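> Contents of query_9.cif (mmCIF, C-alpha atoms):
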data_data
#
loop_
_atom_site.label_atom_id
_atom_site.label_comp_id
_atom_site.auth_asym_id
_atom_site.auth_seq_id
_atom_site.Cartn_x
_atom_site.Cartn_y
_atom_site.Cartn_z
CA MET A 1 -43.33 41.55 -16.45
CA ALA A 2 -44.90 41.25 -19.85
CA THR A 3 -43.00 44.11 -21.43
CA LEU A 4 -39.51 42.71 -20.79
CA PRO A 5 -39.96 38.94 -20.62
CA SER A 6 -36.35 38.02 -21.25
CA ALA A 7 -35.35 39.70 -18.01
CA ILE A 8 -37.77 38.00 -15.62
CA PRO A 9 -38.84 34.37 -15.32
CA PRO A 10 -42.58 34.12 -16.03
CA ALA A 11 -44.06 34.25 -12.55
CA THR A 12 -45.31 37.80 -12.78
CA ALA A 13 -47.87 39.74 -14.76
CA THR A 14 -46.53 43.24 -14.24
CA ALA A 15 -47.53 44.62 -17.61
CA ALA A 16 -49.65 47.60 -18.52
CA PRO A 17 -53.02 46.38 -17.25
CA THR A 18 -56.58 46.87 -18.35
CA ASN A 19 -58.65 49.93 -17.50
CA THR A 20 -61.62 49.12 -15.32
CA THR A 21 -63.52 52.17 -16.52
CA SER A 22 -63.50 51.00 -20.14
CA HIS A 23 -65.28 47.76 -19.28
CA PRO A 24 -68.31 48.29 -17.01
CA ALA A 25 -67.97 45.62 -14.36
CA ALA A 26 -70.65 42.96 -14.52
CA ASP A 27 -70.87 43.13 -10.75
CA THR A 28 -72.38 46.62 -10.82
CA THR A 29 -75.67 45.31 -12.18
CA LYS A 30 -78.54 43.84 -10.23
CA THR A 31 -77.79 40.39 -11.62
CA SER A 32 -74.10 40.50 -10.73
CA PRO A 33 -73.55 41.96 -7.27
CA ILE A 34 -70.12 42.30 -5.67
CA THR A 35 -69.00 41.11 -2.30
CA ASP A 36 -65.64 42.30 -1.03
CA GLN A 37 -64.04 39.97 1.48
CA ASN A 38 -61.40 41.42 3.78
CA PRO A 39 -58.97 38.99 5.42
CA SER A 40 -58.77 41.13 8.52
CA THR A 41 -62.48 40.71 9.22
CA ASN A 42 -63.08 37.14 8.10
CA PRO A 43 -62.43 34.30 10.56
CA PRO A 44 -60.30 31.45 9.25
CA PRO A 45 -62.53 28.93 7.43
CA PRO A 46 -63.07 25.54 9.04
CA GLN A 47 -61.09 22.55 7.87
CA THR A 48 -63.01 19.71 6.26
CA GLN A 49 -62.18 16.11 5.54
CA ASP A 50 -62.56 16.17 1.75
CA ASP A 51 -58.81 16.46 1.24
CA THR A 52 -56.11 15.77 3.77
CA PRO A 53 -52.79 15.78 1.91
CA GLN A 54 -49.48 16.63 3.48
CA THR A 55 -50.20 20.05 4.93
CA THR A 56 -47.68 22.81 5.41
CA SER A 57 -49.09 24.15 8.68
CA THR A 58 -50.93 22.79 11.69
CA ASN A 59 -53.13 25.90 11.90
CA PRO A 60 -55.89 26.86 9.45
CA PRO A 61 -54.45 29.45 7.05
CA PRO A 62 -55.95 32.95 7.14
CA THR A 63 -58.35 33.77 4.34
CA PRO A 64 -56.91 36.07 1.65
CA TYR A 65 -58.92 38.96 0.30
CA PHE A 66 -61.23 38.15 -2.59
CA LYS A 67 -63.98 39.78 -4.60
CA SER A 68 -67.11 37.77 -5.30
CA LEU A 69 -69.01 38.39 -8.55
CA ASN A 70 -72.23 36.81 -9.84
CA PRO A 71 -72.91 34.85 -6.63
CA SER A 72 -76.16 33.38 -7.96
CA ALA A 73 -74.36 31.59 -10.82
CA PRO A 74 -74.30 27.81 -10.31
CA GLN A 75 -70.54 27.12 -10.43
CA SER A 76 -67.62 28.97 -8.86
CA LEU A 77 -64.57 30.10 -10.83
CA LEU A 78 -61.43 31.13 -8.95
CA LEU A 79 -59.00 33.62 -10.55
CA LEU A 80 -55.36 33.66 -9.37
CA HIS A 81 -53.06 36.48 -10.49
CA GLY A 82 -49.33 36.72 -11.21
CA LEU A 83 -46.48 37.83 -8.96
CA LEU A 84 -46.74 41.47 -7.78
CA SER A 85 -50.19 41.80 -9.35
CA SER A 86 -53.67 41.63 -7.82
CA HIS A 87 -57.22 40.61 -8.65
CA LEU A 88 -57.52 43.84 -10.66
CA GLU A 89 -55.61 42.28 -13.56
CA TYR A 90 -58.70 40.18 -14.37
CA THR A 91 -61.13 43.10 -14.55
CA SER A 92 -61.57 42.94 -18.32
CA VAL A 93 -61.75 39.13 -18.26
CA THR A 94 -64.53 38.88 -15.69
CA SER A 95 -66.85 41.03 -17.77
CA HIS A 96 -66.90 38.15 -20.29
CA LEU A 97 -67.72 35.51 -17.65
CA PRO A 98 -71.17 36.50 -16.35
CA SER A 99 -72.37 32.88 -16.08
CA TYR A 100 -69.89 31.95 -13.34
CA HIS A 101 -69.64 32.80 -9.67
CA ILE A 102 -66.24 34.46 -9.70
CA LEU A 103 -63.85 34.60 -6.77
CA ALA A 104 -61.06 37.01 -7.75
CA VAL A 105 -58.30 36.73 -5.16
CA ASP A 106 -55.44 38.87 -3.89
CA LEU A 107 -52.94 36.14 -3.04
CA PRO A 108 -51.03 36.33 0.28
CA GLY A 109 -48.39 39.05 0.28
CA HIS A 110 -50.21 41.05 -2.40
CA SER A 111 -52.36 44.18 -2.25
CA ARG A 112 -55.30 43.69 0.14
CA SER A 113 -53.72 40.46 1.38
CA SER A 114 -50.29 42.01 1.91
CA ALA A 115 -50.68 41.96 5.69
CA LEU A 116 -51.09 38.19 5.82
CA PRO A 117 -48.06 36.54 7.42
CA GLY A 118 -45.37 34.81 5.38
CA PRO A 119 -43.54 32.91 4.22
CA TYR A 120 -45.08 33.54 0.81
CA THR A 121 -44.46 30.17 -0.75
CA ILE A 122 -46.56 28.41 -3.36
CA PRO A 123 -47.57 25.56 -0.96
CA LEU A 124 -48.75 27.98 1.73
CA MET A 125 -50.66 30.05 -0.82
CA THR A 126 -52.24 26.80 -2.01
CA ASP A 127 -53.34 25.94 1.53
CA ALA A 128 -54.98 29.36 1.86
CA ILE A 129 -56.79 28.96 -1.46
CA ALA A 130 -57.98 25.47 -0.51
CA ALA A 131 -59.50 26.88 2.67
CA LEU A 132 -61.13 29.70 0.71
CA ILE A 133 -62.72 27.22 -1.73
CA ARG A 134 -64.09 25.11 1.10
CA SER A 135 -65.71 28.07 2.78
CA HIS A 136 -66.79 30.33 -0.12
CA ALA A 137 -67.09 28.35 -3.38
CA HIS A 138 -70.41 26.77 -4.28
CA ASN A 139 -70.46 23.16 -3.08
CA ALA A 140 -66.87 23.66 -1.86
CA GLN A 141 -65.53 23.22 -5.41
CA ALA A 142 -64.37 25.58 -8.14
CA HIS A 143 -62.91 25.82 -11.60
CA ILE A 144 -59.41 27.27 -11.20
CA VAL A 145 -57.70 29.79 -13.50
CA GLY A 146 -54.14 30.87 -12.78
CA LEU A 147 -51.58 32.98 -14.59
CA SER A 148 -47.86 32.68 -13.87
CA MET A 149 -47.46 32.57 -10.07
CA GLY A 150 -51.20 31.98 -9.83
CA GLY A 151 -50.81 29.16 -12.33
CA PHE A 152 -48.25 27.43 -10.12
CA VAL A 153 -50.66 27.75 -7.19
CA ALA A 154 -53.39 26.22 -9.37
CA LEU A 155 -51.15 23.28 -10.35
CA ASP A 156 -50.23 22.67 -6.72
CA LEU A 157 -53.91 22.82 -5.80
CA ALA A 158 -54.77 20.25 -8.49
CA ARG A 159 -52.06 17.92 -7.21
CA ARG A 160 -52.67 18.24 -3.46
CA TYR A 161 -56.38 19.10 -3.28
CA PRO A 162 -57.95 17.49 -6.37
CA ALA A 163 -61.41 17.10 -4.81
CA LEU A 164 -61.71 20.90 -4.64
CA CYS A 165 -61.00 21.41 -8.37
CA LEU A 166 -63.64 21.03 -11.07
CA SER A 167 -61.10 21.91 -13.79
CA VAL A 168 -57.86 23.87 -14.07
CA PHE A 169 -56.71 26.38 -16.71
CA VAL A 170 -53.16 27.72 -16.28
CA THR A 171 -50.90 29.86 -18.42
CA GLY A 172 -47.21 30.69 -18.04
CA ALA A 173 -46.82 27.92 -15.46
CA ALA A 174 -44.49 25.13 -16.60
CA PRO A 175 -41.43 23.89 -14.67
CA PHE A 176 -38.55 26.31 -15.12
CA SER A 177 -35.62 25.26 -17.28
CA GLY A 178 -32.68 26.92 -18.98
CA MET A 179 -32.37 30.67 -18.51
CA PHE A 180 -35.71 30.85 -16.70
CA ARG A 181 -34.36 28.53 -14.02
CA VAL A 182 -31.05 30.39 -13.80
CA MET A 183 -32.86 33.68 -13.22
CA ALA A 184 -35.31 32.21 -10.70
CA SER A 185 -32.45 30.72 -8.70
CA ARG A 186 -31.07 34.26 -8.34
CA PRO A 187 -34.23 36.15 -7.32
CA TRP A 188 -32.31 39.36 -6.68
CA ILE A 189 -31.99 39.73 -10.47
CA PRO A 190 -35.74 39.76 -11.27
CA PHE A 191 -36.28 41.79 -8.10
CA ALA A 192 -33.91 44.47 -9.43
CA VAL A 193 -35.53 44.40 -12.86
CA MET A 194 -38.96 44.80 -11.26
CA TRP A 195 -37.65 47.78 -9.28
CA PHE A 196 -36.43 49.41 -12.49
CA LEU A 197 -39.65 48.77 -14.39
CA LEU A 198 -42.05 49.74 -11.62
CA ASP A 199 -40.18 52.42 -9.66
CA VAL A 200 -37.72 54.01 -12.07
CA LEU A 201 -39.37 54.10 -15.49
CA PRO A 202 -41.55 57.17 -16.08
CA ASP A 203 -45.21 56.43 -16.69
CA SER A 204 -44.94 57.45 -20.34
CA VAL A 205 -42.15 54.94 -21.01
CA TYR A 206 -43.84 52.20 -19.01
CA TRP A 207 -47.10 52.53 -20.93
CA PHE A 208 -45.23 52.81 -24.21
CA LEU A 209 -43.63 49.43 -23.49
CA GLY A 210 -47.06 48.08 -22.64
CA ARG A 211 -48.45 49.24 -25.97
CA ARG A 212 -45.54 47.60 -27.77
CA THR A 213 -46.70 44.24 -26.41
CA GLY A 214 -50.26 44.84 -27.58
CA ILE A 215 -51.68 46.00 -24.23
CA GLU A 216 -53.36 49.25 -25.12
CA VAL A 217 -55.18 50.38 -21.99
CA ARG A 218 -53.50 51.62 -18.84
CA ASP A 219 -54.55 51.20 -15.23
CA ASP A 220 -52.64 53.45 -12.86
CA GLN A 221 -54.21 51.86 -9.79
CA LEU A 222 -52.90 48.41 -10.66
CA ARG A 223 -49.43 49.79 -11.36
CA ARG A 224 -49.44 51.47 -7.95
CA GLU A 225 -50.45 48.20 -6.33
CA MET A 226 -47.72 46.30 -8.16
CA ARG A 227 -45.18 48.84 -6.96
CA GLY A 228 -46.37 48.35 -3.38
CA ASN A 229 -46.28 44.56 -3.78
CA ARG A 230 -42.61 44.58 -4.80
CA ARG A 231 -41.21 43.26 -1.54
CA TRP A 232 -38.04 41.19 -1.34
CA GLU A 233 -39.49 38.49 0.88
CA VAL A 234 -42.40 37.94 -1.52
CA VAL A 235 -40.24 37.71 -4.65
CA ARG A 236 -37.66 35.50 -2.90
CA ASP A 237 -40.21 33.08 -1.43
CA VAL A 238 -42.22 32.74 -4.63
CA TYR A 239 -39.26 31.99 -6.88
CA ASP A 240 -37.62 29.67 -4.36
CA SER A 241 -40.80 27.61 -4.06
CA ILE A 242 -41.52 27.56 -7.81
CA LEU A 243 -38.13 25.93 -8.31
CA GLY A 244 -39.50 23.02 -6.28
CA LEU A 245 -42.11 22.27 -8.94
CA GLY A 246 -40.58 19.60 -11.14
CA TRP A 247 -41.66 16.77 -13.40
CA GLU A 248 -42.63 14.46 -10.56
CA GLU A 249 -45.11 17.08 -9.41
CA ILE A 250 -46.46 17.39 -12.97
CA ARG A 251 -46.93 13.61 -13.09
CA GLY A 252 -48.75 13.83 -9.78
CA ILE A 253 -51.53 15.98 -11.27
CA SER A 254 -53.51 12.92 -12.25
CA GLU A 255 -57.03 13.48 -10.93
CA VAL A 256 -57.99 16.87 -12.39
CA ARG A 257 -58.43 17.94 -16.01
CA VAL A 258 -55.79 20.62 -16.69
CA LEU A 259 -55.04 22.85 -19.67
CA ASN A 260 -51.50 24.26 -19.60
CA VAL A 261 -51.12 27.24 -21.95
CA ALA A 262 -47.93 28.90 -23.16
CA ALA A 263 -47.93 32.47 -24.44
CA GLY A 264 -46.04 32.10 -27.71
CA ARG A 265 -44.22 35.43 -27.60
CA GLN A 266 -42.79 35.23 -24.09
CA ASP A 267 -43.33 31.91 -22.29
CA ASP A 268 -41.27 28.71 -22.42
CA VAL A 269 -43.21 26.90 -25.14
CA GLU A 270 -40.95 23.84 -25.06
CA ALA A 271 -41.47 23.39 -21.32
CA THR A 272 -45.23 23.51 -21.88
CA ARG A 273 -44.85 20.98 -24.69
CA GLU A 274 -42.99 18.73 -22.25
CA VAL A 275 -45.82 19.07 -19.71
CA GLY A 276 -48.22 17.75 -22.34
CA ARG A 277 -45.85 14.93 -23.27
CA VAL A 278 -45.55 13.82 -19.64
CA TRP A 279 -49.33 13.72 -19.27
CA ARG A 280 -49.66 11.71 -22.49
CA GLU A 281 -47.04 9.19 -21.39
CA GLU A 282 -48.71 8.80 -18.01
CA GLY A 283 -52.10 8.17 -19.65
CA ILE A 284 -53.52 11.33 -18.07
CA THR A 285 -54.35 12.91 -21.43
CA GLU A 286 -56.27 9.85 -22.59
CA ARG A 287 -58.12 9.53 -19.29
CA LEU A 288 -58.84 13.20 -18.46
CA GLY A 289 -57.92 15.24 -21.53
CA SER A 290 -55.15 17.25 -19.84
CA ARG A 291 -52.77 18.76 -22.38
CA GLY A 292 -50.49 21.62 -23.36
CA VAL A 293 -51.27 24.30 -25.95
CA VAL A 294 -49.78 27.56 -27.18
CA VAL A 295 -51.37 30.88 -28.13
CA ARG A 296 -48.75 32.10 -30.59
CA LYS A 297 -49.43 35.85 -30.55
CA ALA A 298 -49.88 36.12 -26.80
CA VAL A 299 -47.50 37.80 -24.38
CA HIS A 300 -47.02 36.43 -20.88
CA ALA A 301 -49.82 38.51 -19.33
CA TRP A 302 -52.26 37.89 -22.15
CA ASP A 303 -55.26 38.18 -19.86
CA LEU A 304 -54.49 41.89 -20.22
CA GLN A 305 -53.67 41.69 -23.92
CA PHE A 306 -56.59 39.56 -25.18
CA PRO A 307 -59.14 39.50 -22.33
CA GLU A 308 -62.04 38.31 -24.47
CA LEU A 309 -60.01 35.48 -26.04
CA PHE A 310 -58.70 34.56 -22.58
CA ALA A 311 -62.27 34.32 -21.27
CA GLU A 312 -63.43 32.36 -24.31
CA GLY A 313 -60.63 29.85 -23.78
CA VAL A 314 -61.53 29.48 -20.11
CA LYS A 315 -65.21 28.92 -20.92
CA ALA A 316 -64.45 26.40 -23.66
CA TRP A 317 -62.18 24.41 -21.35
CA ILE A 318 -64.67 24.44 -18.48
CA GLU A 319 -67.57 23.46 -20.72
CA GLY A 320 -65.69 20.77 -22.65
CA ARG A 321 -66.06 22.55 -25.97
CA GLU A 322 -63.51 22.96 -28.75
CA LEU A 323 -60.94 25.59 -27.86
CA PRO A 324 -60.74 28.79 -29.94
CA ARG A 325 -58.62 28.42 -33.07
CA GLU A 326 -55.85 30.54 -31.52
CA PHE A 327 -55.13 27.66 -29.12
CA GLU A 328 -52.64 25.45 -30.97
CA ALA A 329 -52.02 21.92 -29.70
CA LEU A 330 -48.46 21.06 -28.63
CA ASP A 331 -47.96 17.43 -29.64
#
Could the structure of this file be written out as structure tokens, please?

Amino acid sequence: MATLPSAIPPATATAAPTNTTSHPAADTTKTSPITDQNPSTNPPPPQTQDDTPQTTSTNPPPTPYFKSLNPSAPQSLLLLHGLLSSHLEYTSVTSHLPSYHILAVDLPGHSRSSALPGPYTIPLMTDAIAALIRSHAHNAQAHIVGLSMGGFVALDLARRYPALCLSVFVTGAAPFSGMFRVMASRPWIPFAVMWFLLDVLPDSVYWFLGRRTGIEVRDDQLRREMRGNRRWEVVRDVYDSILGLGWEEIRGISEVRVLNVAAGRQDDVEATREVGRVWREEGITERLGSRGVVVRKAVHAWDLQFPELFAEGVKAWIEGRELPREFEALD
């Protein structure tokens, strides 16, 4: 939750979201059509031999819901949302990314993928995303963008399925330490806070808190979806599995170029700094360019706060250009 970050470890983007009506979706034009993919009607994608790491299931995972934008663009870009959120949180970001074939996903246990079976762990979500990339991304590869929970899925994907990843951009996704780890190890606490924020607070107070973080535009549909996504088994499974991401896993991300971003106002900047230090010590930064940075004025869900800057950072990272000046290196 971006409005009360001290109460919830950063695995969720339950802030006042963007308004889809204020940004005409690029997919409504002739050059950017939309394809909605429903997991209940899509057969499980076939397994291929490009990556065969330790798998978490002997059966192909069901395909989560996703929305496809700009399908004629040459490269695919996968967007992974935060805990309790949905693909709708990226609405104002995608309008700034017309040159990429976008796959905006509802991760298992969330919104249009809520009926997919659990457990809702990061490794099982990763398996589902790997299958989706194989079957729906151009050339069975994609650039990966993930925020919070989606960022942890992206990191796991880069470690276990590197051949599927062209590049990775994550934010709010560093190994938990200190109070963040204490809270995540007691998931009933963030679950209760989420209940208060999403189910108890009146709309006027909720949106007031959103404006205080710099998120000006409201989206009632996304808030309703977040309220419906607040299920105990989802929150419990996500936090339990995030606690399994440690420094050995960070060291293991050695074949994909990764940018790890901390939102300066709410994320664990020092943990992100440590991610960059580990990659430097392992020679990964020198070899691939992977590193940690901070956007000082950003809140946890800054895809909702600064959607254009978020998109510009993604494009710069994908294209190997200099990052916007708001991205400060963490040495």
> Quick one: residues within 9 Å of Thr121 in chain A, all atoms listed in the file counted, chain neighbours fewer than 2 positions away excluded, as an MDAnalysis selection string?
chainID A and resid 118:119 123:126 234 236:242
> Find the residues near range 74-77 of chain A: any atom within 7 Å, counting only C-alpha atoms, skip ones fewer than 6 places away on the same chain, and give them as a list in words.
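Here the answer would be Tyr100, His101, Ile102, Leu103, Ala137, His138, Ala142, His143 and Ile144 of chain A.
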> Figure out the distance between CA of Ala73 in chain A and CA of Pro98 in chain A, please, to one decimal in Å.
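CA of Pro98 in chain A sits 8.1 Å away from CA of Ala73 in chain A.
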> Using all atoms listed in the file, which of the listed residues (A:Phe152, A:Trp188, A:Phe196, A:Tyr161) sits closest to Pro175 in chain A?
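Between A:Phe152, A:Trp188, A:Phe196, A:Tyr161, the residue approaching Pro175 in chain A most closely is A:Phe152.
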> Between A:Thr285, A:Thr213, A:Gln305, A:Ser167, which has the minimum distance to Tyr90 in chain A (counting all atoms listed in the file)?
A:Gln305
> Residue by residue, what does the PyMOL selection byres ((chain A and resi 271-281) around 6) grab here? Present the result as a ChimeraX atom specification.
/A:174,268-270,282-285,291-292,330
> Could you check which of A:Arg227, A:Arg212, A:Arg181, A:His110 is closest to Asp199 in chain A, using only C-alpha atoms?
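Nearest to Asp199 in chain A: A:Arg227.
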> Just how far from CA of Val293 in chain A is CA of Ala329 in chain A, in Å to one decimal?
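Answer for the CA of Ala329 in chain A to CA of Val293 in chain A separation: 4.5 Å.
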> Would you mind telling me which residue in A:Val170, A:Gly150, A:Arg223, A:Phe176 lies nearest to Trp247 in chain A when using only C-alpha atoms?
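When distances to Trp247 in chain A are compared using only C-alpha atoms, the smallest one comes from A:Phe176.
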> So what do you get for CA of Leu243 in chain A versus CA of Met179 in chain A, distance-wise?
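About the pair CA of Leu243 in chain A and CA of Met179 in chain A: they are 12.6 Å apart.
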> So which residues get picked by the PyMOL selection byres ((chain A and resi 157-160) around 12) here, written as a ChimeraX atom specification?
/A:50-56,78,80,122-133,141-146,150-156,161-170,245,248-259,290
> Using only C-alpha atoms for the distances, tell me which of A:Ser185, A:Asp267, A:Val261, A:Trp232 is nearest to Leu323 in chain A.
A:Val261
> Write out as a PyMOL selection string which residues come within 6 Å of Val299 in chain A when counting all atoms listed in the file, dropping same-chain ones fewer than 2 positions away.
chain A and resi 263+265-266+301-302
> If the PyMOL selection byres ((chain A and resi 295) around 7) is run on the structure shown, which residues does it catch, given as a compact mmCIF listing (two decimals) with C-alpha atoms, in the frame of the given file?

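Wrote it out as selection_16.txt, contents follow:
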# COMPACT_ATOMS: atom_id res chain seq x y z
CA ALA A 262 -47.93 28.90 -23.16
CA ALA A 263 -47.93 32.47 -24.44
CA GLY A 264 -46.04 32.10 -27.71
CA VAL A 293 -51.27 24.30 -25.95
CA VAL A 294 -49.78 27.56 -27.18
CA ARG A 296 -48.75 32.10 -30.59
CA LYS A 297 -49.43 35.85 -30.55
CA ALA A 298 -49.88 36.12 -26.80
CA GLU A 326 -55.85 30.54 -31.52
CA PHE A 327 -55.13 27.66 -29.12
CA GLU A 328 -52.64 25.45 -30.97
> Set the distance at 12 Å and use all atoms listed in the file: which residues neighbour Ser114 in chain A once local chain neighbours fewer than 2 positions away are removed? I'd like the list as a compact mmCIF listing (two decimals) with C-alpha atoms, keeping the file's coordinate frame.

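To be explicit, this is the file written out as result.txt:
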# COMPACT_ATOMS: atom_id res chain seq x y z
CA ASN A 38 -61.40 41.42 3.78
CA PRO A 39 -58.97 38.99 5.42
CA SER A 40 -58.77 41.13 8.52
CA PRO A 62 -55.95 32.95 7.14
CA THR A 63 -58.35 33.77 4.34
CA PRO A 64 -56.91 36.07 1.65
CA TYR A 65 -58.92 38.96 0.30
CA LEU A 84 -46.74 41.47 -7.78
CA SER A 85 -50.19 41.80 -9.35
CA SER A 86 -53.67 41.63 -7.82
CA VAL A 105 -58.30 36.73 -5.16
CA ASP A 106 -55.44 38.87 -3.89
CA LEU A 107 -52.94 36.14 -3.04
CA PRO A 108 -51.03 36.33 0.28
CA GLY A 109 -48.39 39.05 0.28
CA HIS A 110 -50.21 41.05 -2.40
CA SER A 111 -52.36 44.18 -2.25
CA ARG A 112 -55.30 43.69 0.14
CA LEU A 116 -51.09 38.19 5.82
CA PRO A 117 -48.06 36.54 7.42
CA GLY A 118 -45.37 34.81 5.38
CA PRO A 119 -43.54 32.91 4.22
CA TYR A 120 -45.08 33.54 0.81
CA GLU A 225 -50.45 48.20 -6.33
CA MET A 226 -47.72 46.30 -8.16
CA GLY A 228 -46.37 48.35 -3.38
CA ASN A 229 -46.28 44.56 -3.78
CA ARG A 230 -42.61 44.58 -4.80
CA ARG A 231 -41.21 43.26 -1.54
CA GLU A 233 -39.49 38.49 0.88
CA VAL A 234 -42.40 37.94 -1.52
> For range 310-321 of chain A, find every residue with an atom within 7 Å (counting only C-alpha atoms), except residues of its own chain fewer than 4 positions away, and show them as a list in words.
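The residues that qualify are Val93, His96, Leu97, Ser167, Phe169, Asp303 and Phe306 of chain A.
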> Restricting it to C-alpha atoms, dump the selection as a PDB file, in the frame of the given file.

ATOM      1  CA  VAL A  93     -61.750  39.130 -18.260  1.00  0.00           C
ATOM      2  CA  HIS A  96     -66.900  38.150 -20.290  1.00  0.00           C
ATOM      3  CA  LEU A  97     -67.720  35.510 -17.650  1.00  0.00           C
ATOM      4  CA  SER A 167     -61.100  21.910 -13.790  1.00  0.00           C
ATOM      5  CA  PHE A 169     -56.710  26.380 -16.710  1.00  0.00           C
ATOM      6  CA  ASP A 303     -55.260  38.180 -19.860  1.00  0.00           C
ATOM      7  CA  PHE A 306     -56.590  39.560 -25.180  1.00  0.00           C
TER       8      PHE A 306
END
